[in-house]
$ cat query_23.cif   # mmCIF, N, CA and C atoms
data_structure
#
loop_
_atom_site.label_atom_id
_atom_site.label_comp_id
_atom_site.auth_asym_id
_atom_site.auth_seq_id
_atom_site.Cartn_x
_atom_site.Cartn_y
_atom_site.Cartn_z
N MET A 1 1.92 0.93 18.95
CA MET A 1 0.94 0.21 18.18
C MET A 1 0.15 1.14 17.27
N VAL A 2 -0.21 2.30 17.77
CA VAL A 2 -0.99 3.25 16.98
C VAL A 2 -0.15 3.79 15.83
N ILE A 3 1.13 4.03 16.07
CA ILE A 3 1.99 4.57 15.03
C ILE A 3 2.13 3.56 13.89
N VAL A 4 2.29 2.29 14.22
CA VAL A 4 2.38 1.25 13.19
C VAL A 4 1.06 1.16 12.42
N SER A 5 -0.04 1.27 13.11
CA SER A 5 -1.35 1.22 12.45
C SER A 5 -1.54 2.39 11.50
N ILE A 6 -1.13 3.56 11.91
CA ILE A 6 -1.24 4.74 11.06
C ILE A 6 -0.32 4.61 9.84
N LEU A 7 0.90 4.13 10.05
CA LEU A 7 1.81 3.93 8.92
C LEU A 7 1.26 2.90 7.94
N LEU A 8 0.68 1.83 8.46
CA LEU A 8 0.07 0.82 7.61
C LEU A 8 -1.08 1.40 6.81
N PHE A 9 -1.89 2.21 7.44
CA PHE A 9 -3.00 2.88 6.78
C PHE A 9 -2.51 3.81 5.67
N VAL A 10 -1.52 4.64 5.98
CA VAL A 10 -0.99 5.60 5.01
C VAL A 10 -0.32 4.88 3.84
N PHE A 11 0.49 3.86 4.14
CA PHE A 11 1.15 3.11 3.08
C PHE A 11 0.13 2.37 2.22
N GLY A 12 -0.93 1.86 2.84
CA GLY A 12 -2.00 1.21 2.09
C GLY A 12 -2.70 2.18 1.15
N LEU A 13 -2.96 3.39 1.62
CA LEU A 13 -3.56 4.40 0.75
C LEU A 13 -2.65 4.76 -0.42
N LEU A 14 -1.36 4.87 -0.14
CA LEU A 14 -0.40 5.16 -1.19
C LEU A 14 -0.40 4.04 -2.24
N MET A 15 -0.44 2.80 -1.78
CA MET A 15 -0.48 1.67 -2.71
C MET A 15 -1.78 1.67 -3.51
N LEU A 16 -2.86 2.08 -2.91
CA LEU A 16 -4.15 2.10 -3.57
C LEU A 16 -4.26 3.23 -4.59
N ILE A 17 -3.77 4.40 -4.23
CA ILE A 17 -3.93 5.58 -5.07
C ILE A 17 -2.84 5.70 -6.12
N ARG A 18 -1.59 5.41 -5.76
CA ARG A 18 -0.46 5.59 -6.67
C ARG A 18 0.39 4.32 -6.79
N PRO A 19 -0.14 3.24 -7.35
CA PRO A 19 0.65 2.01 -7.48
C PRO A 19 1.85 2.18 -8.41
N SER A 20 1.76 3.10 -9.36
CA SER A 20 2.90 3.31 -10.26
C SER A 20 4.09 3.92 -9.52
N LEU A 21 3.84 4.71 -8.49
CA LEU A 21 4.92 5.26 -7.67
C LEU A 21 5.62 4.14 -6.90
N ILE A 22 4.84 3.21 -6.36
CA ILE A 22 5.41 2.06 -5.67
C ILE A 22 6.27 1.25 -6.64
N TRP A 23 5.79 1.07 -7.87
CA TRP A 23 6.56 0.34 -8.88
C TRP A 23 7.87 1.05 -9.20
N THR A 24 7.80 2.37 -9.34
CA THR A 24 9.00 3.14 -9.65
C THR A 24 10.04 3.01 -8.55
N ILE A 25 9.61 3.03 -7.31
CA ILE A 25 10.54 2.95 -6.18
C ILE A 25 11.11 1.54 -6.03
N THR A 26 10.28 0.52 -6.19
CA THR A 26 10.71 -0.84 -5.84
C THR A 26 11.09 -1.73 -7.00
N GLU A 27 10.50 -1.54 -8.17
CA GLU A 27 10.67 -2.52 -9.24
C GLU A 27 11.28 -2.00 -10.53
N SER A 28 11.26 -0.72 -10.79
CA SER A 28 11.68 -0.21 -12.10
C SER A 28 13.14 -0.51 -12.40
N TRP A 29 13.99 -0.54 -11.41
CA TRP A 29 15.41 -0.79 -11.63
C TRP A 29 15.67 -2.24 -12.05
N LYS A 30 14.71 -3.13 -11.86
CA LYS A 30 14.88 -4.53 -12.22
C LYS A 30 14.56 -4.80 -13.69
N SER A 31 13.97 -3.84 -14.38
CA SER A 31 13.53 -4.03 -15.75
C SER A 31 14.46 -3.31 -16.72
N ASN A 32 14.71 -3.94 -17.88
CA ASN A 32 15.57 -3.30 -18.88
C ASN A 32 14.87 -2.13 -19.56
N ASP A 33 13.61 -2.30 -19.93
CA ASP A 33 12.91 -1.20 -20.58
C ASP A 33 12.32 -0.21 -19.58
N ALA A 34 11.89 -0.68 -18.43
CA ALA A 34 11.43 0.16 -17.32
C ALA A 34 10.50 1.28 -17.76
N THR A 35 9.52 0.94 -18.57
CA THR A 35 8.61 1.97 -19.04
C THR A 35 7.41 2.16 -18.13
N GLU A 36 6.73 1.06 -17.80
CA GLU A 36 5.56 1.15 -16.93
C GLU A 36 5.26 -0.22 -16.34
N PRO A 37 4.54 -0.25 -15.23
CA PRO A 37 4.20 -1.54 -14.62
C PRO A 37 3.12 -2.26 -15.43
N SER A 38 3.07 -3.56 -15.27
CA SER A 38 2.04 -4.35 -15.96
C SER A 38 0.69 -4.16 -15.29
N ASP A 39 -0.35 -4.55 -15.99
CA ASP A 39 -1.70 -4.46 -15.43
C ASP A 39 -1.85 -5.36 -14.21
N LEU A 40 -1.22 -6.53 -14.25
CA LEU A 40 -1.27 -7.44 -13.10
C LEU A 40 -0.59 -6.82 -11.89
N TYR A 41 0.55 -6.17 -12.09
CA TYR A 41 1.24 -5.51 -10.99
C TYR A 41 0.38 -4.41 -10.39
N LEU A 42 -0.24 -3.60 -11.24
CA LEU A 42 -1.11 -2.52 -10.75
C LEU A 42 -2.28 -3.08 -9.95
N TRP A 43 -2.90 -4.16 -10.48
CA TRP A 43 -4.04 -4.76 -9.78
C TRP A 43 -3.61 -5.33 -8.44
N SER A 44 -2.52 -6.08 -8.42
CA SER A 44 -2.09 -6.72 -7.16
C SER A 44 -1.62 -5.68 -6.14
N THR A 45 -1.01 -4.60 -6.60
CA THR A 45 -0.60 -3.55 -5.68
C THR A 45 -1.80 -2.83 -5.09
N ARG A 46 -2.80 -2.57 -5.92
CA ARG A 46 -4.03 -1.95 -5.40
C ARG A 46 -4.74 -2.87 -4.42
N PHE A 47 -4.79 -4.16 -4.73
CA PHE A 47 -5.41 -5.12 -3.82
C PHE A 47 -4.67 -5.15 -2.48
N GLY A 48 -3.35 -5.17 -2.54
CA GLY A 48 -2.54 -5.11 -1.32
C GLY A 48 -2.77 -3.82 -0.56
N GLY A 49 -2.96 -2.72 -1.30
CA GLY A 49 -3.24 -1.44 -0.66
C GLY A 49 -4.57 -1.44 0.08
N VAL A 50 -5.57 -2.07 -0.52
CA VAL A 50 -6.88 -2.19 0.14
C VAL A 50 -6.73 -3.01 1.43
N MET A 51 -6.00 -4.10 1.35
CA MET A 51 -5.82 -4.96 2.53
C MET A 51 -5.05 -4.21 3.63
N CYS A 52 -3.98 -3.51 3.27
CA CYS A 52 -3.21 -2.75 4.27
C CYS A 52 -4.06 -1.65 4.89
N THR A 53 -4.84 -0.96 4.08
CA THR A 53 -5.70 0.10 4.58
C THR A 53 -6.74 -0.45 5.55
N LEU A 54 -7.36 -1.55 5.19
CA LEU A 54 -8.37 -2.15 6.08
C LEU A 54 -7.76 -2.63 7.39
N VAL A 55 -6.60 -3.25 7.32
CA VAL A 55 -5.94 -3.72 8.55
C VAL A 55 -5.52 -2.52 9.40
N GLY A 56 -5.03 -1.46 8.77
CA GLY A 56 -4.66 -0.26 9.52
C GLY A 56 -5.86 0.37 10.22
N ILE A 57 -6.98 0.46 9.52
CA ILE A 57 -8.20 1.00 10.13
C ILE A 57 -8.67 0.11 11.27
N ALA A 58 -8.66 -1.19 11.06
CA ALA A 58 -9.10 -2.12 12.10
C ALA A 58 -8.20 -2.03 13.33
N ALA A 59 -6.90 -1.92 13.13
CA ALA A 59 -5.98 -1.84 14.27
C ALA A 59 -6.18 -0.54 15.04
N ILE A 60 -6.43 0.55 14.33
CA ILE A 60 -6.70 1.83 15.01
C ILE A 60 -7.99 1.74 15.81
N CYS A 61 -9.03 1.15 15.22
CA CYS A 61 -10.30 0.99 15.92
C CYS A 61 -10.16 0.10 17.15
N VAL A 62 -9.46 -0.99 17.01
CA VAL A 62 -9.25 -1.90 18.15
C VAL A 62 -8.50 -1.18 19.26
N TYR A 63 -7.48 -0.41 18.90
CA TYR A 63 -6.72 0.32 19.92
C TYR A 63 -7.62 1.27 20.70
N PHE A 64 -8.43 2.05 19.99
CA PHE A 64 -9.26 3.02 20.67
C PHE A 64 -10.43 2.41 21.42
N PHE A 65 -11.02 1.32 20.93
CA PHE A 65 -12.13 0.70 21.62
C PHE A 65 -11.70 -0.14 22.80
N VAL A 66 -10.53 -0.76 22.72
CA VAL A 66 -10.06 -1.60 23.82
C VAL A 66 -9.49 -0.73 24.93
N SER A 67 -8.80 0.35 24.57
CA SER A 67 -8.19 1.20 25.61
C SER A 67 -9.22 2.14 26.27
N ALA A 68 -10.39 2.27 25.69
CA ALA A 68 -11.40 3.18 26.26
C ALA A 68 -12.10 2.58 27.45
#
$ encode --input "query_23.cif" --output "structure tokens"
Amino acid sequence: MVIVSILLFVFGLLMLIRPSLIWTITESWKSNDATEPSDLYLWSTRFGGVMCTLVGIAAICVYFFVSA
């Protein structure tokens, strides 16, 4: 459970800090021009990164407070 929480936290931070890297890995091959992600994609990826980071932090806190 802790490992999944940490991975969720790290992946959320990556989505928050470097959304263009996520686009390059997952979406660039689907586009003919493949120059850069749209503003909407960047915003939604950052929003998803915030949500993943918060859930990862909450899961880590729950694990440590419940097991203590």
$ resolve_selection --input "query_23.cif" --expression "the PyMOL selection byres (((chain A and resi 41 and name CA) around 12) and name CA)" --output "count of residues only"
24
$ residues_around --input "query_23.cif" --residues "segment 8-10 of chain A" --least-positions-apart "4" --cutoff "6.5 Å" --atoms "all atoms listed in the file" --output "list in words"
Ile3, Val4, Leu14, Met15, Cys52, Thr53, Leu54, Val55, Gly56 and Ile57 of chain A
$ residues_around --input "query_23.cif" --residues "Phe64 of chain A" --least-positions-apart "5" --cutoff "12 Å" --atoms "only C-alpha atoms" --output "list in words"
Met1, Val2, Ser5, Ile57, Ala58 and Ala59 of chain A
$ atom_distance --input "query_23.cif" --atom1 "atom N of Leu7 of chain A" --atom2 "atom CA of Ile60 of chain A"
9.4 Å
$ atom_distance --input "query_23.cif" --atom1 "atom C of Leu13 of chain A" --atom2 "atom C of Met51 of chain A"
10.1 Å
$ atom_distance --input "query_23.cif" --atom1 "atom CA of Ile25 of chain A" --atom2 "atom CA of Phe11 of chain A"
13.2 Å
$ select_by_dssp --input "query_23.cif" --residues "chain A" --states "alpha helix (DSSP H)" --output "number ranges by chain"
A: 2-17, 19-26, 39-67
$ axis_aligned_box --input "query_23.cif" --around "segment 29-44 of chain A" --padding-each-side "8 Å" --output "JSON"
{"center_x": 5.8, "center_y": -2.6, "center_z": -13.4, "size_x": 35.7, "size_y": 25.6, "size_z": 30.4}
